[in-house]
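Below is the file input.txt, which contains compact mmCIF, C-alpha atoms and all ligand atoms.
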# COMPACT_ATOMS: atom_id res chain seq x y z
CA MET Y 1319 -15.90 21.03 -12.00
CA GLU Y 1320 -16.02 17.23 -12.10
CA THR Y 1321 -17.88 15.74 -9.15
CA TYR Y 1322 -16.22 13.09 -7.11
CA LYS Y 1323 -17.74 9.66 -7.03
CA SER Y 1324 -15.64 6.82 -5.75
CA LEU Y 1325 -15.39 3.91 -8.19
CA LEU Y 1326 -15.01 1.64 -5.18
CA PRO Y 1327 -17.87 -0.56 -3.93
CA VAL Y 1328 -18.22 1.63 -0.84
CA ASP Y 1329 -21.32 3.22 0.75
CA LYS Y 1330 -21.51 6.62 2.44
CA ASP Y 1331 -20.63 5.14 5.84
CA GLY Y 1332 -17.50 3.55 4.49
CA TYR Y 1333 -18.77 -0.03 4.22
CA TYR Y 1334 -17.56 -2.44 1.57
CA GLY Y 1335 -20.21 -5.11 1.95
CA ARG Y 1336 -20.06 -5.82 5.67
CA PHE Y 1337 -16.45 -4.63 5.99
CA GLY Y 1338 -15.18 -1.17 6.87
CA GLY Y 1339 -16.99 1.50 8.86
CA ALA Y 1340 -15.48 3.56 11.67
CA TYR Y 1341 -15.10 1.76 15.00
CA ILE Y 1342 -13.44 4.47 17.02
CA PRO Y 1343 -13.52 5.86 20.55
CA GLU Y 1344 -15.84 8.80 21.18
CA ILE Y 1345 -12.87 11.14 21.52
CA LEU Y 1346 -11.95 10.62 17.83
CA HIS Y 1347 -15.41 11.21 16.34
CA LYS Y 1348 -14.82 14.91 15.75
CA ASN Y 1349 -11.40 14.29 14.12
CA VAL Y 1350 -12.78 11.73 11.74
CA GLU Y 1351 -15.80 13.91 10.90
CA ASN Y 1352 -13.53 16.86 10.10
CA LEU Y 1353 -11.31 14.67 7.96
CA LEU Y 1354 -14.27 13.34 5.99
CA ALA Y 1355 -15.59 16.87 5.44
CA ALA Y 1356 -12.18 18.10 4.27
CA PHE Y 1357 -11.73 15.13 1.94
CA HIS Y 1358 -15.12 15.80 0.32
CA ARG Y 1359 -14.40 19.54 0.20
CA TYR Y 1360 -11.07 19.18 -1.65
CA VAL Y 1361 -11.26 15.92 -3.59
CA ASP Y 1362 -12.85 17.78 -6.56
CA ASP Y 1363 -11.17 21.10 -6.00
CA PRO Y 1364 -9.33 22.05 -9.22
CA GLU Y 1365 -6.62 23.98 -7.37
CA PHE Y 1366 -6.00 21.13 -4.93
CA ASN Y 1367 -5.84 18.61 -7.75
CA ALA Y 1368 -3.55 20.81 -9.86
CA GLU Y 1369 -1.09 21.05 -6.96
CA PHE Y 1370 -1.28 17.29 -6.35
CA GLU Y 1371 -0.77 16.47 -10.05
CA LEU Y 1372 2.17 18.85 -10.36
CA LEU Y 1373 3.95 17.28 -7.40
CA LEU Y 1374 3.22 13.77 -8.69
CA ARG Y 1375 4.84 14.76 -11.98
CA ASP Y 1376 7.80 16.93 -11.02
CA TYR Y 1377 8.56 15.71 -7.50
CA VAL Y 1378 7.66 12.01 -7.58
CA GLY Y 1379 8.59 11.56 -11.25
CA ARG Y 1380 5.23 10.33 -12.55
CA PRO Y 1381 3.98 8.79 -14.66
CA SER Y 1382 5.96 5.76 -13.55
CA PRO Y 1383 6.81 3.63 -16.61
CA LEU Y 1384 4.80 0.59 -17.65
CA TYR Y 1385 7.62 -1.63 -18.81
CA ARG Y 1386 7.15 -4.71 -21.02
CA ALA Y 1387 9.45 -7.33 -19.45
CA SER Y 1388 10.46 -9.20 -22.63
CA ARG Y 1389 12.78 -11.83 -21.22
CA MET Y 1390 10.41 -12.61 -18.41
CA SER Y 1391 7.47 -12.74 -20.82
CA ARG Y 1392 9.31 -15.32 -22.90
CA MET Y 1393 10.23 -17.31 -19.79
CA TYR Y 1394 6.59 -17.58 -18.68
CA GLY Y 1395 5.04 -17.76 -22.16
CA THR Y 1396 2.80 -14.72 -21.71
CA ASN Y 1397 2.93 -10.90 -21.85
CA ILE Y 1398 4.21 -9.36 -18.66
CA TYR Y 1399 4.11 -5.63 -17.98
CA LEU Y 1400 5.69 -4.16 -14.86
CA LYS Y 1401 4.26 -0.99 -13.33
CA ARG Y 1402 7.39 0.68 -12.02
CA GLU Y 1403 6.38 2.26 -8.69
CA ASP Y 1404 9.92 1.34 -7.62
CA LEU Y 1405 11.16 4.31 -9.66
CA ASN Y 1406 9.21 6.87 -7.61
CA HIS Y 1407 11.02 9.35 -5.39
CA THR Y 1408 11.70 7.58 -2.04
CA GLY Y 1409 11.42 4.20 -3.74
CA ALA Y 1410 7.82 3.03 -3.44
CA HIS Y 1411 4.16 3.86 -4.07
CA LYS Y 1412 3.75 5.27 -0.52
CA ILE Y 1413 4.74 8.80 -1.62
CA ASN Y 1414 1.55 9.16 -3.72
CA ASN Y 1415 -0.69 8.97 -0.66
CA ALA Y 1416 1.73 10.88 1.58
CA ILE Y 1417 1.58 13.87 -0.79
CA GLY Y 1418 -2.20 13.79 -1.21
CA SER Y 1419 -2.77 13.47 2.53
CA ALA Y 1420 -0.23 16.16 3.49
CA LEU Y 1421 -1.74 18.61 1.00
CA LEU Y 1422 -5.11 17.97 2.63
CA ALA Y 1423 -3.55 18.52 6.08
CA LYS Y 1424 -2.21 21.87 4.89
CA ARG Y 1425 -5.62 22.90 3.57
CA MET Y 1426 -7.06 22.05 6.99
CA GLY Y 1427 -4.49 24.34 8.62
CA LYS Y 1428 -2.65 21.49 10.38
CA LYS Y 1429 0.95 22.00 11.40
CA ARG Y 1430 1.81 18.68 13.02
CA ILE Y 1431 1.71 15.31 11.24
CA ILE Y 1432 1.58 11.88 12.87
CA ALA Y 1433 2.41 8.66 11.02
CA GLU Y 1434 3.07 4.99 11.79
CA THR Y 1435 5.55 2.88 9.89
CA GLY Y 1436 6.67 -0.75 9.66
CA ALA Y 1437 9.58 -1.13 7.25
CA GLY Y 1438 9.98 2.62 7.31
CA GLN Y 1439 8.80 3.32 3.75
CA HIS Y 1440 5.68 5.20 4.82
CA GLY Y 1441 7.67 6.97 7.53
CA VAL Y 1442 10.25 8.09 4.98
CA ALA Y 1443 7.57 9.18 2.50
CA THR Y 1444 5.77 11.18 5.20
CA ALA Y 1445 8.98 12.73 6.57
CA THR Y 1446 9.89 13.69 2.99
CA VAL Y 1447 6.59 15.42 2.32
CA CYS Y 1448 6.72 17.17 5.71
CA ALA Y 1449 10.16 18.55 4.83
CA LEU Y 1450 8.78 19.66 1.48
CA LEU Y 1451 5.77 21.44 2.99
CA GLY Y 1452 7.34 22.67 6.23
CA LEU Y 1453 5.28 20.50 8.61
CA GLU Y 1454 6.32 18.99 11.94
CA CYS Y 1455 6.52 15.19 11.71
CA VAL Y 1456 6.34 12.46 14.36
CA VAL Y 1457 6.69 8.84 13.23
CA TYR Y 1458 5.78 5.89 15.49
CA MET Y 1459 7.77 2.76 14.77
CA GLY Y 1460 7.99 -0.51 16.68
CA ALA Y 1461 11.31 -0.88 18.48
CA THR Y 1462 11.90 -4.19 16.66
CA ASP Y 1463 11.52 -2.41 13.32
CA VAL Y 1464 13.69 0.53 14.47
CA ALA Y 1465 16.48 -1.98 15.03
CA ARG Y 1466 16.05 -3.92 11.77
CA GLN Y 1467 15.39 -0.92 9.46
CA GLN Y 1468 18.22 1.40 10.51
CA PRO Y 1469 18.80 3.07 7.10
CA ASN Y 1470 15.19 4.24 6.94
CA VAL Y 1471 15.33 5.48 10.55
CA GLU Y 1472 18.39 7.52 9.61
CA ARG Y 1473 16.68 8.93 6.53
CA MET Y 1474 13.67 10.03 8.60
CA LYS Y 1475 15.94 11.73 11.12
CA MET Y 1476 17.91 13.53 8.41
CA LEU Y 1477 14.60 14.72 6.96
CA GLY Y 1478 13.80 16.28 10.34
CA ALA Y 1479 11.19 13.83 11.64
CA ARG Y 1480 11.07 12.63 15.24
CA VAL Y 1481 11.07 8.82 15.34
CA GLU Y 1482 9.29 7.42 18.44
CA PRO Y 1483 10.19 3.77 19.16
CA VAL Y 1484 7.19 1.78 20.45
CA ARG Y 1485 7.84 -0.95 23.02
CA SER Y 1486 4.43 -2.64 23.39
CA GLY Y 1487 3.41 -6.02 21.88
CA ASN Y 1488 6.06 -7.51 19.63
CA MET Y 1489 7.11 -3.95 18.84
CA THR Y 1490 6.16 -3.90 15.14
CA LEU Y 1491 3.63 -2.21 12.84
CA LYS Y 1492 0.42 -3.06 14.72
CA ASP Y 1493 1.90 -1.61 17.93
CA ALA Y 1494 3.15 1.51 16.14
CA THR Y 1495 -0.37 2.03 14.72
CA ASN Y 1496 -1.91 1.72 18.21
CA GLU Y 1497 0.47 4.38 19.47
CA ALA Y 1498 -0.17 6.75 16.53
CA ILE Y 1499 -3.93 6.48 17.18
CA ARG Y 1500 -3.30 7.22 20.87
CA ASP Y 1501 -1.31 10.33 19.94
CA TRP Y 1502 -4.15 11.45 17.66
CA CYS Y 1503 -6.63 11.08 20.52
CA CYS Y 1504 -4.46 13.37 22.72
CA ASN Y 1505 -3.63 15.81 19.93
CA PRO Y 1506 -6.75 16.33 17.83
CA ASP Y 1507 -5.10 19.33 16.16
CA SER Y 1508 -2.61 16.99 14.52
CA PHE Y 1509 -3.25 15.22 11.22
CA TYR Y 1510 -2.74 11.46 11.10
CA ILE Y 1511 -1.42 10.20 7.75
CA ILE Y 1512 -2.13 6.45 7.57
CA GLY Y 1513 0.16 4.54 5.20
CA SER Y 1514 -2.32 2.03 3.83
CA THR Y 1515 -6.00 1.40 3.01
CA VAL Y 1516 -6.73 0.59 6.65
CA GLY Y 1517 -8.20 2.48 9.60
CA PRO Y 1518 -11.64 4.04 10.08
CA HIS Y 1519 -13.66 5.52 7.20
CA PRO Y 1520 -12.71 7.65 5.25
CA TYR Y 1521 -9.08 6.45 5.35
CA PRO Y 1522 -9.40 3.33 3.15
CA GLU Y 1523 -11.37 5.25 0.51
CA MET Y 1524 -9.12 8.31 0.72
CA VAL Y 1525 -5.85 6.40 0.51
CA ALA Y 1526 -7.19 4.34 -2.42
CA HIS Y 1527 -8.19 7.57 -4.13
CA PHE Y 1528 -4.70 9.07 -3.79
CA GLN Y 1529 -3.17 5.80 -5.05
CA SER Y 1530 -5.63 5.41 -7.95
CA VAL Y 1531 -3.22 7.33 -10.18
CA ILE Y 1532 -1.46 3.96 -10.60
CA SER Y 1533 -4.31 2.29 -12.51
CA ARG Y 1534 -5.24 5.52 -14.31
CA GLU Y 1535 -1.74 5.52 -15.77
CA ILE Y 1536 -1.79 1.78 -16.52
CA LYS Y 1537 -4.91 2.28 -18.65
CA GLU Y 1538 -3.38 5.16 -20.62
CA GLN Y 1539 -0.09 3.33 -21.03
CA LEU Y 1540 -1.69 0.10 -22.24
CA ARG Y 1541 -3.83 2.05 -24.68
CA SER Y 1542 -0.82 3.74 -26.20
CA GLN Y 1543 1.44 0.65 -26.12
CA ILE Y 1544 -0.92 -2.11 -27.27
CA GLY Y 1545 -4.11 -0.35 -28.28
CA ARG Y 1546 -6.34 -1.72 -25.53
CA GLU Y 1547 -6.69 -0.26 -22.07
CA ASN Y 1548 -7.72 -3.33 -20.09
CA PRO Y 1549 -5.26 -6.11 -19.28
CA ASP Y 1550 -6.40 -9.67 -18.54
CA TYR Y 1551 -4.80 -9.66 -15.10
CA VAL Y 1552 -3.58 -7.13 -12.56
CA VAL Y 1553 -1.38 -8.55 -9.82
CA ALA Y 1554 -0.27 -6.75 -6.66
CA CYS Y 1555 0.93 -7.61 -3.17
CA VAL Y 1556 -1.30 -6.81 -0.18
CA GLY Y 1557 -0.26 -5.75 3.29
CA GLY Y 1558 -2.97 -3.28 4.24
CA GLY Y 1559 -3.75 -2.97 0.55
CA SER Y 1560 -2.81 0.50 -0.73
CA ASN Y 1561 -0.66 -0.41 -3.73
CA ALA Y 1562 -3.16 -3.09 -4.74
CA ALA Y 1563 -6.05 -0.63 -4.31
CA GLY Y 1564 -4.25 1.84 -6.57
CA ALA Y 1565 -3.42 -0.79 -9.19
CA PHE Y 1566 -6.97 -2.26 -9.14
CA TYR Y 1567 -8.96 0.98 -8.79
CA HIS Y 1568 -9.93 1.75 -12.40
CA PHE Y 1569 -10.40 -1.94 -13.23
CA ILE Y 1570 -12.66 -2.97 -10.35
CA ASN Y 1571 -15.83 -2.45 -12.37
CA SER Y 1572 -14.45 -4.13 -15.51
CA GLN Y 1573 -15.25 -7.78 -14.84
CA SER Y 1574 -13.00 -9.02 -17.67
CA VAL Y 1575 -9.94 -7.82 -15.76
CA ARG Y 1576 -8.99 -10.43 -13.20
CA LEU Y 1577 -7.57 -9.05 -9.95
CA ILE Y 1578 -4.96 -11.05 -8.06
CA ALA Y 1579 -3.68 -10.10 -4.62
CA ALA Y 1580 -0.61 -11.74 -3.09
CA GLU Y 1581 -0.52 -11.87 0.69
CA ALA Y 1582 2.42 -12.97 2.81
CA ALA Y 1583 2.24 -16.60 3.93
CA GLY Y 1584 5.49 -16.28 5.88
CA LYS Y 1585 6.58 -19.86 6.64
CA GLY Y 1586 3.21 -21.22 5.42
CA VAL Y 1587 -0.47 -20.41 6.07
CA ASP Y 1588 -0.74 -23.22 8.65
CA SER Y 1589 2.69 -22.73 10.23
CA GLY Y 1590 1.62 -20.30 12.95
CA GLU Y 1591 4.20 -17.93 11.46
CA THR Y 1592 2.23 -16.13 8.80
CA ALA Y 1593 0.69 -12.81 7.81
CA ALA Y 1594 -1.81 -14.34 5.33
CA THR Y 1595 -4.89 -12.68 6.80
CA MET Y 1596 -7.40 -13.88 4.17
CA HIS Y 1597 -6.23 -17.48 4.62
CA ALA Y 1598 -5.66 -17.54 8.38
CA GLY Y 1599 -7.95 -14.78 9.65
CA SER Y 1600 -11.59 -14.29 10.62
CA GLU Y 1601 -13.95 -11.31 10.84
CA GLY Y 1602 -13.15 -8.83 13.54
CA ILE Y 1603 -12.16 -5.25 14.22
CA ILE Y 1604 -8.68 -3.79 13.97
CA HIS Y 1605 -7.54 -0.16 13.96
CA GLY Y 1606 -11.04 1.22 13.55
CA ALA Y 1607 -12.44 -1.00 10.80
CA ARG Y 1608 -14.40 -4.25 10.59
CA THR Y 1609 -12.37 -6.55 8.38
CA MET Y 1610 -10.53 -9.85 8.34
CA VAL Y 1611 -8.08 -10.17 11.24
CA MET Y 1612 -5.72 -12.84 12.52
CA GLN Y 1613 -7.10 -13.45 16.01
CA THR Y 1614 -7.67 -16.12 18.62
CA PRO Y 1615 -11.26 -17.38 19.20
CA ASP Y 1616 -11.60 -14.83 22.04
CA GLY Y 1617 -10.48 -11.93 19.86
CA GLN Y 1618 -6.82 -11.48 20.85
CA ILE Y 1619 -4.75 -10.35 17.86
CA ILE Y 1620 -2.27 -13.03 16.77
CA GLU Y 1621 1.23 -11.68 16.14
CA PRO Y 1622 1.89 -11.88 12.39
CA TYR Y 1623 5.09 -12.99 10.72
CA SER Y 1624 6.56 -12.32 7.28
CA ILE Y 1625 10.13 -11.89 6.04
CA SER Y 1626 8.83 -8.65 4.55
CA ALA Y 1627 8.28 -5.90 7.14
CA GLY Y 1628 5.80 -4.11 4.85
CA LEU Y 1629 3.46 -7.14 4.77
CA ASP Y 1630 3.91 -8.09 8.43
CA TYR Y 1631 0.42 -6.98 9.55
CA PRO Y 1632 -2.40 -9.05 11.15
CA GLY Y 1633 -5.20 -7.31 9.20
CA ILE Y 1634 -6.11 -6.31 5.65
CA GLY Y 1635 -8.00 -3.28 4.36
CA PRO Y 1636 -11.81 -3.65 4.21
CA LEU Y 1637 -11.84 -3.13 0.43
CA HIS Y 1638 -9.69 -6.20 -0.08
CA ALA Y 1639 -11.62 -8.27 2.47
CA TYR Y 1640 -14.71 -7.47 0.41
CA LEU Y 1641 -13.12 -8.08 -3.02
CA ALA Y 1642 -11.79 -11.42 -1.81
CA THR Y 1643 -14.92 -12.72 -0.06
CA SER Y 1644 -17.18 -11.61 -2.93
CA GLY Y 1645 -14.98 -13.45 -5.43
CA ARG Y 1646 -14.03 -10.29 -7.37
CA ALA Y 1647 -10.36 -10.72 -6.44
CA LYS Y 1648 -8.36 -13.88 -5.93
CA VAL Y 1649 -5.96 -13.87 -2.98
CA MET Y 1650 -2.89 -16.09 -3.16
CA ALA Y 1651 -0.61 -16.80 -0.21
CA ILE Y 1652 3.10 -16.55 -1.05
CA THR Y 1653 5.76 -17.91 1.31
CA ASP Y 1654 9.04 -16.21 2.24
CA THR Y 1655 10.93 -18.73 0.09
CA GLU Y 1656 8.69 -18.20 -2.94
CA ALA Y 1657 9.12 -14.43 -2.63
CA LEU Y 1658 12.91 -14.70 -2.35
CA ASP Y 1659 13.01 -16.93 -5.46
CA ALA Y 1660 10.85 -14.48 -7.39
CA ALA Y 1661 13.03 -11.53 -6.36
CA LEU Y 1662 16.16 -13.25 -7.65
CA ARG Y 1663 14.39 -14.26 -10.87
CA LEU Y 1664 13.34 -10.68 -11.67
CA THR Y 1665 16.80 -9.44 -10.80
CA ARG Y 1666 18.53 -11.93 -13.10
CA THR Y 1667 16.11 -11.73 -16.05
CA GLU Y 1668 15.37 -7.99 -16.11
CA GLY Y 1669 18.03 -6.32 -13.95
CA ILE Y 1670 15.46 -4.98 -11.48
CA ILE Y 1671 15.85 -5.67 -7.74
CA PRO Y 1672 12.31 -5.44 -6.32
CA ALA Y 1673 11.22 -4.73 -2.76
CA LEU Y 1674 10.55 -7.93 -0.83
CA GLU Y 1675 6.87 -6.94 -0.68
CA SER Y 1676 6.67 -6.63 -4.47
CA ALA Y 1677 8.46 -9.99 -4.83
CA HIS Y 1678 5.30 -11.59 -3.38
CA ALA Y 1679 3.33 -10.30 -6.38
CA LEU Y 1680 6.00 -11.54 -8.81
CA ALA Y 1681 5.85 -15.02 -7.26
CA VAL Y 1682 2.29 -15.39 -8.58
CA LEU Y 1683 3.90 -16.07 -11.99
CA ASP Y 1684 5.19 -19.39 -10.66
CA LYS Y 1685 1.83 -20.43 -9.25
CA MET Y 1686 -0.53 -19.62 -12.12
CA LYS Y 1687 -0.65 -20.58 -15.77
CA PHE Y 1688 -1.23 -17.66 -18.12
CA ALA Y 1689 -2.14 -17.96 -21.82
CA ASN Y 1690 0.18 -16.87 -24.64
CA ASP Y 1691 -1.94 -13.87 -25.49
CA ASP Y 1692 -2.78 -12.80 -21.92
CA VAL Y 1693 -1.70 -9.33 -20.82
CA VAL Y 1694 -0.52 -9.51 -17.22
CA VAL Y 1695 0.29 -6.30 -15.33
CA ILE Y 1696 2.30 -6.70 -12.13
CA ASN Y 1697 2.64 -3.76 -9.78
CA VAL Y 1698 6.25 -3.43 -8.63
CA SER Y 1699 5.34 -1.44 -5.52
CA GLY Y 1700 8.89 -0.60 -4.49
CA ARG Y 1701 12.60 -1.15 -4.97
CA GLY Y 1702 14.82 -3.54 -3.10
CA ASP Y 1703 17.54 -1.25 -1.73
CA LYS Y 1704 16.04 -1.41 1.77
CA ASP Y 1705 16.01 -5.23 1.58
CA MET Y 1706 19.59 -5.91 0.47
CA HIS Y 1707 20.53 -7.06 3.94
CA THR Y 1708 17.73 -9.68 3.94
CA TYR Y 1709 18.47 -10.77 0.37
CA LEU Y 1710 22.17 -11.25 1.07
CA ALA Y 1711 21.41 -13.24 4.23
CA ASN Y 1712 18.92 -15.55 2.47
CA ILE Y 1713 19.92 -15.97 -1.17
CA PRO Y 1714 22.94 -18.08 -2.11
CA LEU Y 1715 24.54 -15.93 -4.80
CA ASN Y 1716 27.24 -18.40 -5.92
CA ASN Y 1717 29.42 -15.80 -7.51
CA ASP Y 1718 32.20 -15.11 -5.05
C1 LIG Y 1801 4.35 -0.63 2.56
C2 LIG Y 1801 4.63 -1.40 1.33
C3 LIG Y 1801 3.75 -2.42 0.88
C4 LIG Y 1801 2.55 -2.87 1.64
O1 LIG Y 1801 1.57 -1.91 1.83
P1 LIG Y 1801 0.23 -1.86 0.99
O2 LIG Y 1801 -0.56 -0.79 1.65
O3 LIG Y 1801 -0.43 -3.19 1.06
O4 LIG Y 1801 0.59 -1.51 -0.41
C5 LIG Y 1801 4.05 -3.04 -0.32
N1 LIG Y 1801 5.16 -2.73 -1.03
C6 LIG Y 1801 6.02 -1.78 -0.63
C7 LIG Y 1801 7.22 -1.50 -1.45
C8 LIG Y 1801 5.79 -1.09 0.57
O5 LIG Y 1801 6.66 -0.15 0.96
File written out as structure tokens:
Amino acid sequence: METYKSLLPVDKDGYYGRFGGAYIPEILHKNVENLLAAFHRYVDDPEFNAEFELLLRDYVGRPSPLYRASRMSRMYGTNIYLKREDLNHTGAHKINNAIGSALLAKRMGKKRIIAETGAGQHGVATATVCALLGLECVVYMGATDVARQQPNVERMKMLGARVEPVRSGNMTLKDATNEAIRDWCCNPDSFYIIGSTVGPHPYPEMVAHFQSVISREIKEQLRSQIGRENPDYVVACVGGGSNAAGAFYHFINSQSVRLIAAEAAGKGVDSGETAATMHAGSEGIIHGARTMVMQTPDGQIIEPYSISAGLDYPGIGPLHAYLATSGRAKVMAITDTEALDAALRLTRTEGIIPALESAHALAVLDKMKFANDDVVVINVSGRGDKDMHTYLANIPLNND
């Protein structure tokens, strides 16, 4: 049996440098302890891993392709490879973690699953896995998001989940997360599946582990396609940080691989309408972890803004706060306009409509100069079907 050792720069208490930990009310201590014990019990378990791998292959459709984007490579004078998480079942990387977490919930004997969702992608992934495994599913979603993400709300309902609209704050992801945590406090027999590398330890480490299949595949695919397993750059968008954590995971300790995270600048980092936490935030505590947070001097959370619902979050996972402040990763702030331009460019050069979140990672190509022989891997975290309404409202298509 292989023994589990996280490749992340994390200690046994869940700290990444000074970020992370578990800042939770007393009533949740037992839940979090049980979760940590179960994660350590099953993370190396051959039967657990065989079931996880089988579902990743035959249900999600993994490995997702690593596609050399030839026209785009020529356009930017470098070698661009796209990791196609957009081709996964349910349309994004979120399903990887939803399956791993739900399998763990089953092993723990849980019958009721709680989740939060912003754009609805994590809610759909969780509702999907609950249908697959016969688990009850309750999804908290800000009322603002319920209204602007109707197709995903309908999908969750068809899958049998109960969608609970949340009416506090500005009724988006942060408020839905508060409500999911509250539910967990009242219902300790339920299992809370968090959709990103956020929350108290062990969530960031656990979610990164379930997403690490992304970089494991990238290494194998690069080795077989170009004979070397390390690229020069890995680029991913960051909301809470789960797709970036998965894409970076197996490269974090290879210093020659440069890690680039794209966060959502919204209308600009200094505009007051932004979700660029590393640029506009300061150290604080949000949803059970010490990390970078957008907050007023007296610690009130500042409402975030991004055109992309999946990046519209006032925090960032502790792993990414650490990678950024230690200089291991570079964080670039991408505006709404830059993301929209990048989405149209990918669509017209490669015939791939990316999720608005992923478009933030693609926009890095316009802001950095890569060498002719560089190998640049960009994680396309999801597909753009859910964003067609926003694209059509914001991009002049000139072809009527
Ligand atoms: C949810 C989502 C994100 C943002 O979440 P991370 O945890 O930062 O990955 C990015 N892309 C897509 C397609 C998403 O659905």
The distance between CA of Ala1420 in chain Y and CA of Tyr1521 in chain Y is 13.3 Å
To one decimal place in Å, what is the distance between atom C3 of ligand LIG 1801 (chain Y) and CA of Gly1628 in chain Y?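 Separation between atom C3 of ligand LIG 1801 (chain Y) and CA of Gly1628 in chain Y: 4.8 Å.
Every protein or nucleic acid residue with an atom no more than 10 Å from Ala1660 in chain Y, counting all atoms listed in the file and leaving out same-chain residues fewer than 4 positions away, appears here: Y:Asp1654, Y:Thr1655, Y:Glu1656, Y:Leu1664, Y:Thr1665, Y:Arg1666, Y:Pro1672, Y:Leu1674, Y:Ser1676, Y:Ala1677, Y:His1678, Y:Ala1679, Y:Leu1680, Y:Ala1681, Y:Val1682, Y:Leu1683, Y:Asp1684.
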With range 1342-1350 of chain Y as the partner and 8 Å as the cut-off, tabulate the residues of range 1427-1508 of chain Y that qualify, each row holding the nearest pair of atoms and their distance in Å to one decimal, using only C-alpha atoms, sorted by chain and rising number, as a Markdown table.
| residue | atom | partner | partner_atom | distance |
| --- | --- | --- | --- | --- |
| Y:Trp1502 | CA | Y:Leu1346 | CA | 7.8 |
| Y:Cys1503 | CA | Y:Leu1346 | CA | 6.0 |
| Y:Pro1506 | CA | Y:Asn1349 | CA | 6.3 |
Pull the neighbourhood of (16.3, 2.5, -5.4) for me: all residues within 12 Å in file coordinates, counting all atoms listed in the file, as a VMD selection string. chain Y and resid 1402 to 1410 1439 1670 to 1673 1699 to 1706
Leaving out Asp1616 in chain Y and any residue of its chain fewer than 2 positions from it, which residues lie within 12 Å of it when counting only C-alpha atoms, given as a list of chain:residue names?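 That gives Y:Ser1600, Y:Glu1601, Y:Gly1602, Y:Met1612, Y:Gln1613, Y:Thr1614, Y:Gln1618, Y:Ile1619, Y:Ile1620.
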Identify the residues within 9 Å of coordinate (-4.6, -4.3, 13.2) (same frame as the file), considering only C-alpha atoms, and give the answer as a ChimeraX atom specification. /Y:1491-1493,1495-1496,1516-1517,1603-1607,1611-1612,1619,1631-1634
Judged by only C-alpha atoms, the minimum distance to His1638 in chain Y among Y:Glu1581, Y:Glu1369, Y:Asp1362, Y:Glu1547 is found for Y:Glu1581
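Minimum atom-to-atom distance to Ile1532 in chain Y, evaluated using all atoms listed in the file, belongs to Y:Ser1560 out of Y:Ser1419, Y:Asn1488, Y:Ser1514, Y:Ser1560.
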Any idea what's packed within 12 Å of Tyr1551 in chain Y, counting all atoms listed in the file, ignoring anything in its chain fewer than 2 positions away? Could you give it as a PDB file with C-alpha atoms, in the frame of the given file?
ATOM      1  CA  THR Y1396       2.800 -14.720 -21.710  1.00  0.00           C
ATOM      2  CA  ASN Y1397       2.930 -10.900 -21.850  1.00  0.00           C
ATOM      3  CA  ILE Y1398       4.210  -9.360 -18.660  1.00  0.00           C
ATOM      4  CA  TYR Y1399       4.110  -5.630 -17.980  1.00  0.00           C
ATOM      5  CA  LEU Y1400       5.690  -4.160 -14.860  1.00  0.00           C
ATOM      6  CA  ILE Y1536      -1.790   1.780 -16.520  1.00  0.00           C
ATOM      7  CA  GLU Y1547      -6.690  -0.260 -22.070  1.00  0.00           C
ATOM      8  CA  ASN Y1548      -7.720  -3.330 -20.090  1.00  0.00           C
ATOM      9  CA  PRO Y1549      -5.260  -6.110 -19.280  1.00  0.00           C
ATOM     10  CA  VAL Y1553      -1.380  -8.550  -9.820  1.00  0.00           C
ATOM     11  CA  ALA Y1554      -0.270  -6.750  -6.660  1.00  0.00           C
ATOM     12  CA  ALA Y1565      -3.420  -0.790  -9.190  1.00  0.00           C
ATOM     13  CA  PHE Y1566      -6.970  -2.260  -9.140  1.00  0.00           C
ATOM     14  CA  PHE Y1569     -10.400  -1.940 -13.230  1.00  0.00           C
ATOM     15  CA  ILE Y1570     -12.660  -2.970 -10.350  1.00  0.00           C
ATOM     16  CA  SER Y1572     -14.450  -4.130 -15.510  1.00  0.00           C
ATOM     17  CA  GLN Y1573     -15.250  -7.780 -14.840  1.00  0.00           C
ATOM     18  CA  SER Y1574     -13.000  -9.020 -17.670  1.00  0.00           C
ATOM     19  CA  VAL Y1575      -9.940  -7.820 -15.760  1.00  0.00           C
ATOM     20  CA  ARG Y1576      -8.990 -10.430 -13.200  1.00  0.00           C
ATOM     21  CA  LEU Y1577      -7.570  -9.050  -9.950  1.00  0.00           C
ATOM     22  CA  ILE Y1578      -4.960 -11.050  -8.060  1.00  0.00           C
ATOM     23  CA  ALA Y1579      -3.680 -10.100  -4.620  1.00  0.00           C
ATOM     24  CA  ALA Y1647     -10.360 -10.720  -6.440  1.00  0.00           C
ATOM     25  CA  LYS Y1648      -8.360 -13.880  -5.930  1.00  0.00           C
ATOM     26  CA  ALA Y1679       3.330 -10.300  -6.380  1.00  0.00           C
ATOM     27  CA  VAL Y1682       2.290 -15.390  -8.580  1.00  0.00           C
ATOM     28  CA  LEU Y1683       3.900 -16.070 -11.990  1.00  0.00           C
ATOM     29  CA  MET Y1686      -0.530 -19.620 -12.120  1.00  0.00           C
ATOM     30  CA  LYS Y1687      -0.650 -20.580 -15.770  1.00  0.00           C
ATOM     31  CA  PHE Y1688      -1.230 -17.660 -18.120  1.00  0.00           C
ATOM     32  CA  ALA Y1689      -2.140 -17.960 -21.820  1.00  0.00           C
ATOM     33  CA  ASP Y1691      -1.940 -13.870 -25.490  1.00  0.00           C
ATOM     34  CA  ASP Y1692      -2.780 -12.800 -21.920  1.00  0.00           C
ATOM     35  CA  VAL Y1693      -1.700  -9.330 -20.820  1.00  0.00           C
ATOM     36  CA  VAL Y1694      -0.520  -9.510 -17.220  1.00  0.00           C
ATOM     37  CA  VAL Y1695       0.290  -6.300 -15.330  1.00  0.00           C
ATOM     38  CA  ILE Y1696       2.300  -6.700 -12.130  1.00  0.00           C
ATOM     39  CA  ASN Y1697       2.640  -3.760  -9.780  1.00  0.00           C
TER      40      ASN Y1697
END
